[in-house]
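Printed here is protein_10.txt (compact mmCIF, C-alpha atoms and all ligand atoms):
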# COMPACT_ATOMS: atom_id res chain seq x y z
CA MET I 2 -12.31 18.07 9.93
CA ASP I 3 -13.77 20.06 12.81
CA GLY I 4 -11.23 21.49 15.20
CA GLU I 5 -12.56 19.54 18.16
CA LEU I 6 -12.05 16.28 16.25
CA LEU I 7 -8.37 16.95 15.67
CA PRO I 8 -5.58 16.83 18.24
CA PRO I 9 -3.85 20.05 19.32
CA VAL I 10 -0.77 20.74 17.21
CA HIS I 11 2.67 20.35 18.76
CA PRO I 12 5.07 20.62 15.81
CA ARG I 13 7.87 18.09 15.48
CA PRO I 14 10.74 19.80 13.67
CA ASP I 15 12.40 16.42 13.09
CA LEU I 16 9.53 15.28 10.84
CA PRO I 17 8.90 16.38 7.23
CA GLY I 18 6.44 19.25 6.72
CA ARG I 19 4.28 17.17 4.40
CA VAL I 20 3.80 13.42 3.99
CA ARG I 21 2.49 11.74 0.87
CA ILE I 22 0.14 8.91 1.80
CA TRP I 23 -0.03 5.92 -0.57
CA GLU I 24 -3.40 4.44 0.36
CA VAL I 25 -3.42 0.64 -0.10
CA GLY I 26 -6.75 -0.36 1.47
CA PRO I 27 -8.65 -1.30 -1.71
CA ARG I 28 -5.78 -3.56 -2.80
CA ASP I 29 -3.87 -4.80 0.27
CA GLY I 30 -7.03 -4.72 2.38
CA LEU I 31 -9.53 -6.36 0.10
CA GLN I 32 -7.13 -9.00 -1.31
CA ASN I 33 -7.27 -10.67 2.08
CA GLU I 34 -11.00 -10.65 2.71
CA PRO I 35 -12.59 -14.07 3.17
CA SER I 36 -15.58 -12.89 1.11
CA ILE I 37 -15.45 -11.26 -2.29
CA VAL I 38 -16.47 -7.61 -2.11
CA PRO I 39 -18.63 -6.55 -5.10
CA ALA I 40 -16.91 -4.39 -7.74
CA GLU I 41 -19.43 -1.57 -7.12
CA VAL I 42 -18.42 -1.42 -3.44
CA LYS I 43 -14.72 -1.42 -4.37
CA ALA I 44 -15.24 1.45 -6.82
CA GLU I 45 -17.25 3.38 -4.25
CA LEU I 46 -14.50 2.82 -1.65
CA VAL I 47 -11.88 4.25 -4.02
CA THR I 48 -14.14 7.21 -4.88
CA ARG I 49 -14.81 7.96 -1.21
CA LEU I 50 -11.09 7.73 -0.36
CA VAL I 51 -10.27 10.19 -3.14
CA GLY I 52 -13.07 12.42 -1.83
CA ALA I 53 -11.41 12.33 1.60
CA GLY I 54 -8.26 13.83 0.07
CA LEU I 55 -6.18 10.73 -0.68
CA SER I 56 -4.66 11.42 -4.08
CA THR I 57 -2.84 8.07 -4.47
CA VAL I 58 -5.10 5.06 -4.00
CA GLU I 59 -3.77 1.61 -4.90
CA THR I 60 -6.89 0.26 -6.50
CA THR I 61 -6.50 -3.43 -7.32
CA SER I 62 -4.16 -6.11 -8.74
CA PHE I 63 -3.83 -7.56 -12.22
CA VAL I 64 -2.52 -10.91 -10.97
CA ASN I 65 -3.51 -14.47 -11.79
CA PRO I 66 -7.21 -14.42 -10.76
CA SER I 67 -7.05 -17.98 -9.49
CA TRP I 68 -4.36 -16.85 -7.01
CA VAL I 69 -6.32 -13.84 -5.73
CA PRO I 70 -10.01 -14.33 -6.58
CA GLN I 71 -10.87 -11.37 -4.33
CA LEU I 72 -9.43 -9.02 -6.99
CA ALA I 73 -10.40 -10.95 -10.14
CA ASP I 74 -12.76 -8.10 -11.08
CA ALA I 75 -9.95 -5.57 -11.68
CA GLU I 76 -11.21 -4.62 -15.17
CA GLU I 77 -14.75 -4.11 -13.90
CA VAL I 78 -13.53 -1.89 -11.06
CA PHE I 79 -11.66 0.30 -13.54
CA THR I 80 -14.73 0.54 -15.78
CA LEU I 81 -16.76 1.69 -12.78
CA LEU I 82 -14.08 4.26 -11.94
CA ALA I 83 -14.25 5.89 -15.38
CA PRO I 84 -16.39 8.84 -14.17
CA LEU I 85 -13.95 9.57 -11.31
CA ARG I 86 -10.99 9.49 -13.68
CA ALA I 87 -12.80 11.62 -16.26
CA ALA I 88 -13.67 14.19 -13.58
CA HIS I 89 -10.02 14.26 -12.60
CA GLU I 90 -8.83 14.75 -16.15
CA ALA I 91 -11.40 17.48 -16.81
CA SER I 92 -10.59 19.45 -13.67
CA ALA I 93 -7.63 21.72 -13.11
CA SER I 94 -8.12 21.51 -9.35
CA GLY I 95 -10.54 19.03 -7.73
CA HIS I 96 -8.97 15.62 -8.22
CA ALA I 97 -5.85 17.01 -9.92
CA GLY I 98 -2.87 14.73 -9.39
CA LEU I 99 -5.03 11.63 -8.85
CA ARG I 100 -3.12 8.36 -9.14
CA LEU I 101 -4.73 4.92 -9.08
CA PRO I 102 -1.79 2.46 -9.11
CA VAL I 103 -2.24 -1.31 -9.41
CA LEU I 104 -0.11 -4.39 -8.73
CA VAL I 105 1.24 -6.13 -11.82
CA PRO I 106 3.53 -9.18 -11.60
CA ASN I 107 4.17 -10.00 -15.26
CA LEU I 108 3.60 -8.97 -18.87
CA PRO I 109 0.05 -10.41 -19.07
CA GLY I 110 -0.79 -8.33 -16.00
CA LEU I 111 0.76 -5.22 -17.54
CA GLU I 112 -1.24 -5.79 -20.74
CA ARG I 113 -4.47 -6.04 -18.76
CA ALA I 114 -3.62 -2.87 -16.83
CA ARG I 115 -2.71 -0.96 -19.99
CA SER I 116 -5.99 -1.93 -21.64
CA CYS I 117 -7.76 -0.26 -18.68
CA GLY I 118 -5.72 2.93 -19.14
CA VAL I 119 -3.71 2.44 -15.94
CA ARG I 120 -0.91 5.03 -15.54
CA ASP I 121 0.90 3.67 -12.45
CA VAL I 122 1.90 0.09 -11.69
CA ALA I 123 3.80 -1.70 -8.94
CA VAL I 124 5.79 -4.92 -9.15
CA PHE I 125 6.29 -6.81 -5.91
CA ALA I 126 9.57 -8.56 -5.12
CA SER I 127 10.61 -10.47 -2.04
CA ALA I 128 13.74 -10.14 0.08
CA THR I 129 13.45 -13.83 0.95
CA GLU I 130 13.49 -16.98 -1.13
CA THR I 131 10.56 -18.71 0.60
CA PHE I 132 8.14 -15.83 0.21
CA ALA I 133 9.08 -15.39 -3.47
CA ARG I 134 8.05 -19.01 -4.04
CA LYS I 135 4.85 -18.74 -1.98
CA ASN I 136 3.74 -15.42 -3.48
CA LEU I 137 5.06 -15.57 -7.04
CA ASN I 138 5.55 -19.29 -7.69
CA ARG I 139 9.22 -18.84 -8.55
CA SER I 140 12.61 -18.19 -6.99
CA ARG I 141 13.59 -14.69 -5.88
CA GLU I 142 15.89 -14.43 -8.89
CA ASP I 143 13.31 -15.73 -11.39
CA ALA I 144 10.79 -13.27 -9.98
CA LEU I 145 13.21 -10.40 -10.63
CA GLU I 146 13.64 -11.67 -14.18
CA MET I 147 9.85 -11.72 -14.57
CA PHE I 148 9.69 -8.07 -13.45
CA ALA I 149 12.47 -6.71 -15.69
CA PRO I 150 10.45 -6.56 -18.95
CA VAL I 151 7.40 -5.28 -17.03
CA VAL I 152 9.40 -2.35 -15.66
CA ALA I 153 11.07 -1.66 -19.02
CA GLU I 154 7.82 -1.73 -21.04
CA ALA I 155 5.92 0.32 -18.48
CA ARG I 156 8.62 2.99 -18.34
CA ALA I 157 8.86 3.10 -22.13
CA ASP I 158 5.12 3.82 -22.15
CA GLY I 159 5.45 6.62 -19.57
CA ILE I 160 3.76 4.52 -16.88
CA GLY I 161 4.98 5.15 -13.33
CA VAL I 162 6.66 2.13 -11.69
CA ARG I 163 6.97 1.42 -7.99
CA ALA I 164 8.54 -1.79 -6.66
CA TYR I 165 7.63 -3.38 -3.36
CA VAL I 166 10.15 -5.42 -1.42
CA SER I 167 8.36 -7.79 0.95
CA MET I 168 9.73 -9.40 4.13
CA CYS I 169 12.29 -6.64 4.73
CA PHE I 170 12.18 -7.03 8.52
CA GLY I 171 11.45 -10.71 9.13
CA ASP I 172 9.97 -13.73 7.39
CA PRO I 173 7.57 -16.26 8.95
CA TRP I 174 9.45 -19.22 7.41
CA GLU I 175 13.07 -17.98 7.40
CA GLY I 176 13.12 -15.80 10.53
CA ALA I 177 15.59 -12.90 10.52
CA VAL I 178 16.26 -11.36 7.12
CA PRO I 179 19.84 -10.13 6.48
CA GLU I 180 19.93 -6.41 5.65
CA SER I 181 22.33 -7.27 2.83
CA ASP I 182 19.57 -9.33 1.13
CA VAL I 183 17.15 -6.42 1.29
CA VAL I 184 19.79 -4.03 -0.07
CA ALA I 185 20.66 -6.42 -2.92
CA VAL I 186 17.03 -6.76 -4.05
CA CYS I 187 16.53 -2.98 -3.79
CA GLU I 188 19.61 -2.38 -5.95
CA ARG I 189 18.36 -4.77 -8.62
CA LEU I 190 14.94 -3.13 -8.77
CA LEU I 191 16.41 0.36 -9.10
CA GLU I 192 18.84 -0.83 -11.81
CA MET I 193 15.80 -2.23 -13.65
CA GLY I 194 14.21 1.22 -13.65
CA ALA I 195 11.80 1.21 -10.69
CA GLU I 196 11.24 4.82 -9.64
CA GLU I 197 10.36 4.17 -6.01
CA LEU I 198 10.81 1.27 -3.60
CA SER I 199 8.37 0.43 -0.84
CA LEU I 200 9.94 -1.46 2.06
CA GLY I 201 7.40 -4.03 3.25
CA ASP I 202 7.12 -5.31 6.80
CA THR I 203 4.71 -7.92 5.48
CA ILE I 204 4.11 -9.65 8.82
CA GLY I 205 4.41 -6.59 11.05
CA VAL I 206 7.37 -7.66 13.19
CA ALA I 207 9.71 -4.66 12.79
CA THR I 208 10.77 -2.49 15.70
CA THR I 209 12.03 1.08 15.60
CA GLY I 210 15.78 0.46 15.92
CA GLN I 211 15.59 -2.07 13.11
CA VAL I 212 13.95 0.55 10.89
CA VAL I 213 16.82 2.97 11.54
CA ASP I 214 19.39 0.23 10.88
CA LEU I 215 17.83 -0.84 7.56
CA LEU I 216 17.49 2.76 6.34
CA ASP I 217 21.16 3.32 7.31
CA ALA I 218 22.23 0.19 5.41
CA LEU I 219 20.32 1.36 2.33
CA ALA I 220 21.83 4.86 2.61
CA ARG I 221 25.34 3.34 2.76
CA ALA I 222 24.48 1.55 -0.51
CA GLY I 223 23.48 4.90 -2.05
CA ILE I 224 19.71 4.36 -1.73
CA GLY I 225 18.36 7.44 0.01
CA ALA I 226 15.05 8.35 1.58
CA ALA I 227 13.84 10.17 -1.55
CA GLN I 228 13.65 6.82 -3.38
CA LEU I 229 11.92 4.97 -0.55
CA ALA I 230 8.50 4.48 0.97
CA VAL I 231 7.60 2.40 4.03
CA HIS I 232 4.83 -0.20 4.28
CA PHE I 233 4.21 -1.48 7.78
CA HIS I 234 1.63 -4.07 8.73
CA ASP I 235 0.41 -3.72 12.31
CA THR I 236 0.53 -7.29 13.63
CA TYR I 237 2.47 -6.35 16.77
CA GLY I 238 1.04 -2.82 17.09
CA GLN I 239 4.34 -1.25 16.02
CA ALA I 240 3.34 0.15 12.62
CA LEU I 241 2.81 3.75 13.73
CA ALA I 242 5.99 3.86 15.85
CA ASN I 243 7.97 2.39 12.96
CA THR I 244 6.47 4.87 10.51
CA LEU I 245 7.22 7.89 12.70
CA THR I 246 10.77 6.61 13.09
CA ALA I 247 11.11 6.29 9.31
CA LEU I 248 9.77 9.85 8.89
CA SER I 249 12.36 11.14 11.34
CA CYS I 250 14.99 9.45 9.12
CA GLY I 251 13.82 11.47 6.10
CA ILE I 252 11.17 9.21 4.53
CA THR I 253 8.23 11.24 3.13
CA THR I 254 6.03 8.56 1.48
CA VAL I 255 4.04 6.23 3.71
CA ASP I 256 1.73 3.33 2.80
CA SER I 257 -1.34 2.87 4.94
CA SER I 258 -4.78 1.41 4.70
CA ALA I 259 -8.08 3.08 5.53
CA GLY I 260 -9.53 1.55 8.68
CA GLY I 261 -6.51 -0.78 8.97
CA LEU I 262 -7.79 -3.20 6.34
CA GLY I 263 -5.22 -5.61 5.03
CA GLY I 264 -2.93 -8.59 5.02
CA CYS I 265 -1.44 -10.99 2.55
CA PRO I 266 -3.07 -14.33 1.75
CA PHE I 267 0.34 -15.90 1.07
CA ALA I 268 2.10 -14.82 4.29
CA LYS I 269 0.91 -16.53 7.41
CA SER I 270 0.54 -14.08 10.32
CA ALA I 271 0.15 -11.00 8.11
CA THR I 272 -2.57 -8.72 9.46
CA GLY I 273 -3.79 -5.29 8.39
CA ASN I 274 -1.63 -2.35 7.45
CA LEU I 275 -1.07 0.75 9.53
CA ALA I 276 -4.49 2.41 9.58
CA THR I 277 -4.55 5.63 7.56
CA GLU I 278 -6.59 7.27 10.32
CA ASP I 279 -3.97 6.41 12.98
CA LEU I 280 -1.31 7.92 10.73
CA CYS I 281 -3.33 11.07 9.98
CA TRP I 282 -4.19 11.64 13.65
CA ALA I 283 -0.54 11.36 14.67
CA LEU I 284 0.64 13.59 11.83
CA ALA I 285 -2.06 16.19 12.46
CA GLY I 286 -0.85 16.43 16.07
CA ALA I 287 2.73 16.83 14.87
CA GLY I 288 1.74 19.61 12.45
CA VAL I 289 2.54 17.50 9.36
CA GLU I 290 0.36 18.11 6.27
CA THR I 291 -1.33 15.15 4.57
CA GLY I 292 -4.21 16.78 2.69
CA VAL I 293 -6.63 14.28 4.26
CA ASP I 294 -10.04 15.19 5.65
CA LEU I 295 -10.07 12.90 8.68
CA ARG I 296 -13.84 13.15 9.21
CA ARG I 297 -14.59 11.98 5.68
CA LEU I 298 -11.98 9.26 5.97
CA VAL I 299 -13.45 7.93 9.21
CA GLU I 300 -16.94 8.00 7.65
CA THR I 301 -15.55 5.95 4.76
CA SER I 302 -13.96 3.36 7.04
CA VAL I 303 -17.15 3.07 9.10
CA TRP I 304 -19.11 2.62 5.84
CA MET I 305 -16.64 -0.05 4.69
CA ALA I 306 -16.72 -1.82 8.06
CA ASP I 307 -20.51 -2.03 7.67
CA ARG I 308 -20.05 -3.61 4.22
CA LEU I 309 -17.60 -6.16 5.74
CA ALA I 310 -19.86 -6.70 8.77
CA ARG I 311 -17.10 -6.18 11.32
CA PRO I 312 -15.64 -3.14 13.10
CA SER I 313 -12.44 -1.46 11.99
CA PRO I 314 -9.42 -2.47 14.10
CA SER I 315 -8.26 1.17 14.11
CA ARG I 316 -8.48 2.82 17.52
CA VAL I 317 -8.66 6.26 15.88
CA VAL I 318 -11.60 5.17 13.71
CA ARG I 319 -13.44 3.89 16.77
CA ALA I 320 -12.70 6.97 18.88
CA LEU I 321 -13.59 9.46 16.17
CA ALA I 322 -16.65 7.53 14.98
CA ALA I 323 -18.01 7.76 18.52
CA LYS I 324 -17.25 11.51 18.64
CA THR I 325 -18.79 12.16 15.21
CA LYS I 326 -21.99 10.52 16.40
CA GLU I 327 -22.02 12.96 19.34
CA SER I 328 -21.43 16.01 17.08
CA PRO I 329 -22.74 15.23 13.58
P1 LIG X 401 1.84 -18.90 -12.16
O1 LIG X 401 0.69 -19.82 -11.88
O2 LIG X 401 3.23 -19.40 -11.97
O3 LIG X 401 1.69 -18.23 -13.60
O4 LIG X 401 1.64 -17.63 -11.26
P2 LIG X 401 1.95 -18.75 -15.01
O5 LIG X 401 2.76 -17.67 -15.66
O6 LIG X 401 2.49 -20.15 -14.99
O7 LIG X 401 0.48 -18.77 -15.62
C1 LIG X 401 -0.52 -19.64 -15.14
C2 LIG X 401 -1.88 -19.17 -15.63
O8 LIG X 401 -2.18 -17.91 -15.04
C3 LIG X 401 -1.93 -18.96 -17.15
O9 LIG X 401 -3.26 -19.26 -17.57
C4 LIG X 401 -1.70 -17.47 -17.28
O10 LIG X 401 -2.27 -16.92 -18.45
C5 LIG X 401 -2.43 -16.93 -16.06
P3 LIG X 401 -3.61 -20.70 -18.24
O11 LIG X 401 -2.68 -20.80 -19.40
O12 LIG X 401 -3.32 -21.72 -17.16
O13 LIG X 401 -5.06 -20.56 -18.56
N1 LIG X 401 -1.85 -15.66 -15.63
C6 LIG X 401 -2.55 -14.52 -15.53
N2 LIG X 401 -3.84 -14.23 -15.76
C7 LIG X 401 -4.23 -12.94 -15.55
N3 LIG X 401 -3.37 -11.97 -15.12
C8 LIG X 401 -2.09 -12.25 -14.89
C9 LIG X 401 -1.65 -13.57 -15.08
N4 LIG X 401 -0.43 -14.13 -14.94
C10 LIG X 401 -0.58 -15.43 -15.28
N5 LIG X 401 -1.27 -11.28 -14.46
C11 LIG X 401 1.92 -15.31 -10.79
C12 LIG X 401 2.58 -16.59 -11.24
C13 LIG X 401 2.98 -14.30 -10.48
C14 LIG X 401 1.02 -14.79 -11.90
C15 LIG X 401 1.06 -15.67 -9.53
O14 LIG X 401 1.93 -16.22 -8.60
C16 LIG X 401 0.35 -14.52 -8.96
O15 LIG X 401 -0.59 -14.01 -9.55
N6 LIG X 401 0.76 -14.05 -7.74
C17 LIG X 401 0.16 -12.92 -7.13
C18 LIG X 401 0.18 -13.07 -5.65
C19 LIG X 401 -0.39 -11.83 -5.00
O16 LIG X 401 -1.13 -11.06 -5.59
N7 LIG X 401 -0.03 -11.63 -3.70
C20 LIG X 401 -0.48 -10.53 -2.94
C21 LIG X 401 0.19 -9.24 -3.33
S1 LIG X 401 1.81 -9.06 -2.64
C22 LIG X 401 1.55 -8.36 -1.08
O17 LIG X 401 0.46 -8.31 -0.61
C23 LIG X 401 2.74 -7.76 -0.36
C24 LIG X 401 2.73 -6.22 -0.40
O18 LIG X 401 1.55 -5.69 0.19
C25 LIG X 401 3.97 -5.67 0.32
C26 LIG X 401 4.16 -6.25 1.73
O19 LIG X 401 3.24 -6.20 2.56
O20 LIG X 401 5.27 -6.75 1.96
C27 LIG X 401 2.79 -5.69 -1.85
MG MG X 402 1.23 -5.40 2.31
Once you've parsed the file, please lay out its structure as structure tokens.
Ligand code: HMG
Ligand code: MG
Amino acid sequence: MDGELLPPVHPRPDLPGRVRIWEVGPRDGLQNEPSIVPAEVKAELVTRLVGAGLSTVETTSFVNPSWVPQLADAEEVFTLLAPLRAAHEASASGHAGLRLPVLVPNLPGLERARSCGVRDVAVFASATETFARKNLNRSREDALEMFAPVVAEARADGIGVRAYVSMCFGDPWEGAVPESDVVAVCERLLEMGAEELSLGDTIGVATTGQVVDLLDALARAGIGAAQLAVHFHDTYGQALANTLTALSCGITTVDSSAGGLGGCPFAKSATGNLATEDLCWALAGAGVETGVDLRRLVETSVWMADRLARPSPSRVVRALAAKTKESP
């Protein structure tokens, strides 16, 4: 992006030199849209995000389509993405390292994903009992049992496995969530064979001290920053502060969503994720590498906002979109 569209750099030695962004907009964002976005638009969104330098783009979910009709076209989206994936495989540079992970709750979902050639999946557990029932139609324990064969089969096939843990910082039905519950679910998922855990603030209520405390509790249980990612929704406007705090505690993988798309249809009061643009702007100013071309990313979010017929909630998207219009 042009120099004048980036902040001046004031390095923060307490932050990592490079952050890996796990873009979740096409999945976490579009699963919550009141209207169903056409598969062609979804595939173009993923392609544009990859073109903006995001090398990990969570693409869709292979869940029960009657639960999430917004993503019922997962197979079609993957068919449309075949040229992008082929270009990646054929190129030594270009899209090298491209990953298009998907959510998979059970063996039927894994089978569907495998038949599309998916190489990275994510299961999604809950730290609380109520959300497990609302989101997965079973108890927290039964949900973990549902995931165990998914993780085992995927790993045996050389498929990468991430595990989300939702409601790590608060639950709209149960209120405060004991750290010990989060730690226990994290331990089970790692024992199962998950390679990375993403700590979800599903309803965006976390504050910075709580982030430090949970990461400390996990570290005491032997679960260090290298195994963790953070996933903050921005309901209370704290997602960026919480993310920067997590980075200063050693986290190097961050989930975010282009233009701040997002939410969860099964968690009341869940709004969009941390906007990828807000993250990239802050990290650019701190001298942290992300590999993202912020101009192309903003153009993509403006394009997507036009498709959804409403403006992006991201302040950085709005500010930079106005500037880009001034200096095309
Ligand atoms: P269930 O209804 O209990 O499933 O749903 P079931 O096993 O009893 O099967 C019922 C029917 O669904 C059967 O069909 C199955 O074949 C079919 P029938 O025999 O009635 O014709 N079915 C499937 N079809 C296609 N693909 C599948 C599949 N599975 C079953 N994978 C289930 C249980 C887990 C499937 C359901 O609850 C579900 O799909 N939940 C997904 C909910 C979801 O996607 N939530 C949003 C993602 S989580 C999130 O956003 C949080 C996160 O962002 C982190 C954070 O912010 O905290 C990740
Ligand atoms: Mg989420």
Quiz item: Looking at I:Leu6, I:Ser92, I:Asp143, I:Ala75, which one is nearest to Arg115 in chain I, with distances taken over all atoms listed in the file?
Solution: I:Ala75
List as a Markdown table every residue of chain I that is in contact with ligand MG 402 (chain X), defined as an atom at most 12 Å from one of its atoms (using all atoms listed in the file), together with the nearest atom pair and the distance in Å rounded to one decimal, sorted by chain and then rising number.
| residue | atom | partner | partner_atom | distance |
| --- | --- | --- | --- | --- |
| I:Trp23 | CA | X:MG402 | MG | 11.7 |
| I:Glu24 | CA | X:MG402 | MG | 11.0 |
| I:Val25 | CA | X:MG402 | MG | 8.0 |
| I:Gly26 | CA | X:MG402 | MG | 9.5 |
| I:Pro27 | CA | X:MG402 | MG | 11.4 |
| I:Arg28 | CA | X:MG402 | MG | 8.9 |
| I:Asp29 | CA | X:MG402 | MG | 5.5 |
| I:Gly30 | CA | X:MG402 | MG | 8.3 |
| I:Leu31 | CA | X:MG402 | MG | 11.0 |
| I:Gln32 | CA | X:MG402 | MG | 9.8 |
| I:Asn33 | CA | X:MG402 | MG | 10.0 |
| I:Glu59 | CA | X:MG402 | MG | 11.2 |
| I:Leu104 | CA | X:MG402 | MG | 11.2 |
| I:Phe125 | CA | X:MG402 | MG | 9.8 |
| I:Ala126 | CA | X:MG402 | MG | 11.6 |
| I:Ser127 | CA | X:MG402 | MG | 11.5 |
| I:Asn136 | CA | X:MG402 | MG | 11.8 |
| I:Tyr165 | CA | X:MG402 | MG | 8.8 |
| I:Val166 | CA | X:MG402 | MG | 9.7 |
| I:Ser167 | CA | X:MG402 | MG | 7.6 |
| I:Met168 | CA | X:MG402 | MG | 9.6 |
| I:Cys169 | CA | X:MG402 | MG | 11.4 |
| I:Ser199 | CA | X:MG402 | MG | 9.7 |
| I:Leu200 | CA | X:MG402 | MG | 9.6 |
| I:Gly201 | CA | X:MG402 | MG | 6.4 |
| I:Asp202 | CA | X:MG402 | MG | 7.4 |
| I:Thr203 | CA | X:MG402 | MG | 5.3 |
| I:Ile204 | CA | X:MG402 | MG | 8.3 |
| I:Gly205 | CA | X:MG402 | MG | 9.4 |
| I:Val231 | CA | X:MG402 | MG | 10.2 |
| I:His232 | CA | X:MG402 | MG | 6.6 |
| I:Phe233 | CA | X:MG402 | MG | 7.4 |
| I:His234 | CA | X:MG402 | MG | 6.6 |
| I:Asp235 | CA | X:MG402 | MG | 10.2 |
| I:Thr236 | CA | X:MG402 | MG | 11.5 |
| I:Ala240 | CA | X:MG402 | MG | 11.9 |
| I:Asp256 | CA | X:MG402 | MG | 8.8 |
| I:Ser257 | CA | X:MG402 | MG | 9.1 |
| I:Ser258 | CA | X:MG402 | MG | 9.4 |
| I:Gly261 | CA | X:MG402 | MG | 11.2 |
| I:Leu262 | CA | X:MG402 | MG | 10.1 |
| I:Gly263 | CA | X:MG402 | MG | 7.0 |
| I:Gly264 | CA | X:MG402 | MG | 5.9 |
| I:Cys265 | CA | X:MG402 | MG | 6.2 |
| I:Pro266 | CA | X:MG402 | MG | 9.9 |
| I:Phe267 | CA | X:MG402 | MG | 10.6 |
| I:Ala268 | CA | X:MG402 | MG | 9.7 |
| I:Ser270 | CA | X:MG402 | MG | 11.8 |
| I:Ala271 | CA | X:MG402 | MG | 8.1 |
| I:Thr272 | CA | X:MG402 | MG | 8.8 |
| I:Gly273 | CA | X:MG402 | MG | 7.9 |
| I:Asn274 | CA | X:MG402 | MG | 6.6 |
| I:Leu275 | CA | X:MG402 | MG | 9.8 |
Quiz item: Which is closer to ligand LIG 401 (chain X) than all the others in I:Gly52, I:Pro14, I:Pro39, I:Pro106, using all atoms listed in the file?
Solution: I:Pro106
Quiz item: Which one is closest to Glu142 in chain I: I:Asn107, I:Thr208, I:Thr129, I:Ser62? Count only C-alpha atoms.
Solution: I:Thr129
Exercise. Considering all atoms listed in the file, return as a PyMOL selection string whatever protein or nucleic-acid residues lie within 7 Å of range 110-114 of chain I, sequence-local ones (same chain, fewer than 4 positions apart) excluded.
Key: chain I and resi 63-64+105-106+118-119+151
Serialized selection, C-alpha atoms, as a compact mmCIF listing (two decimals), in the frame of the given file:
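Final output, out36.txt:
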# COMPACT_ATOMS: atom_id res chain seq x y z
CA PHE I 63 -3.83 -7.56 -12.22
CA VAL I 64 -2.52 -10.91 -10.97
CA VAL I 105 1.24 -6.13 -11.82
CA PRO I 106 3.53 -9.18 -11.60
CA GLY I 118 -5.72 2.93 -19.14
CA VAL I 119 -3.71 2.44 -15.94
CA VAL I 151 7.40 -5.28 -17.03
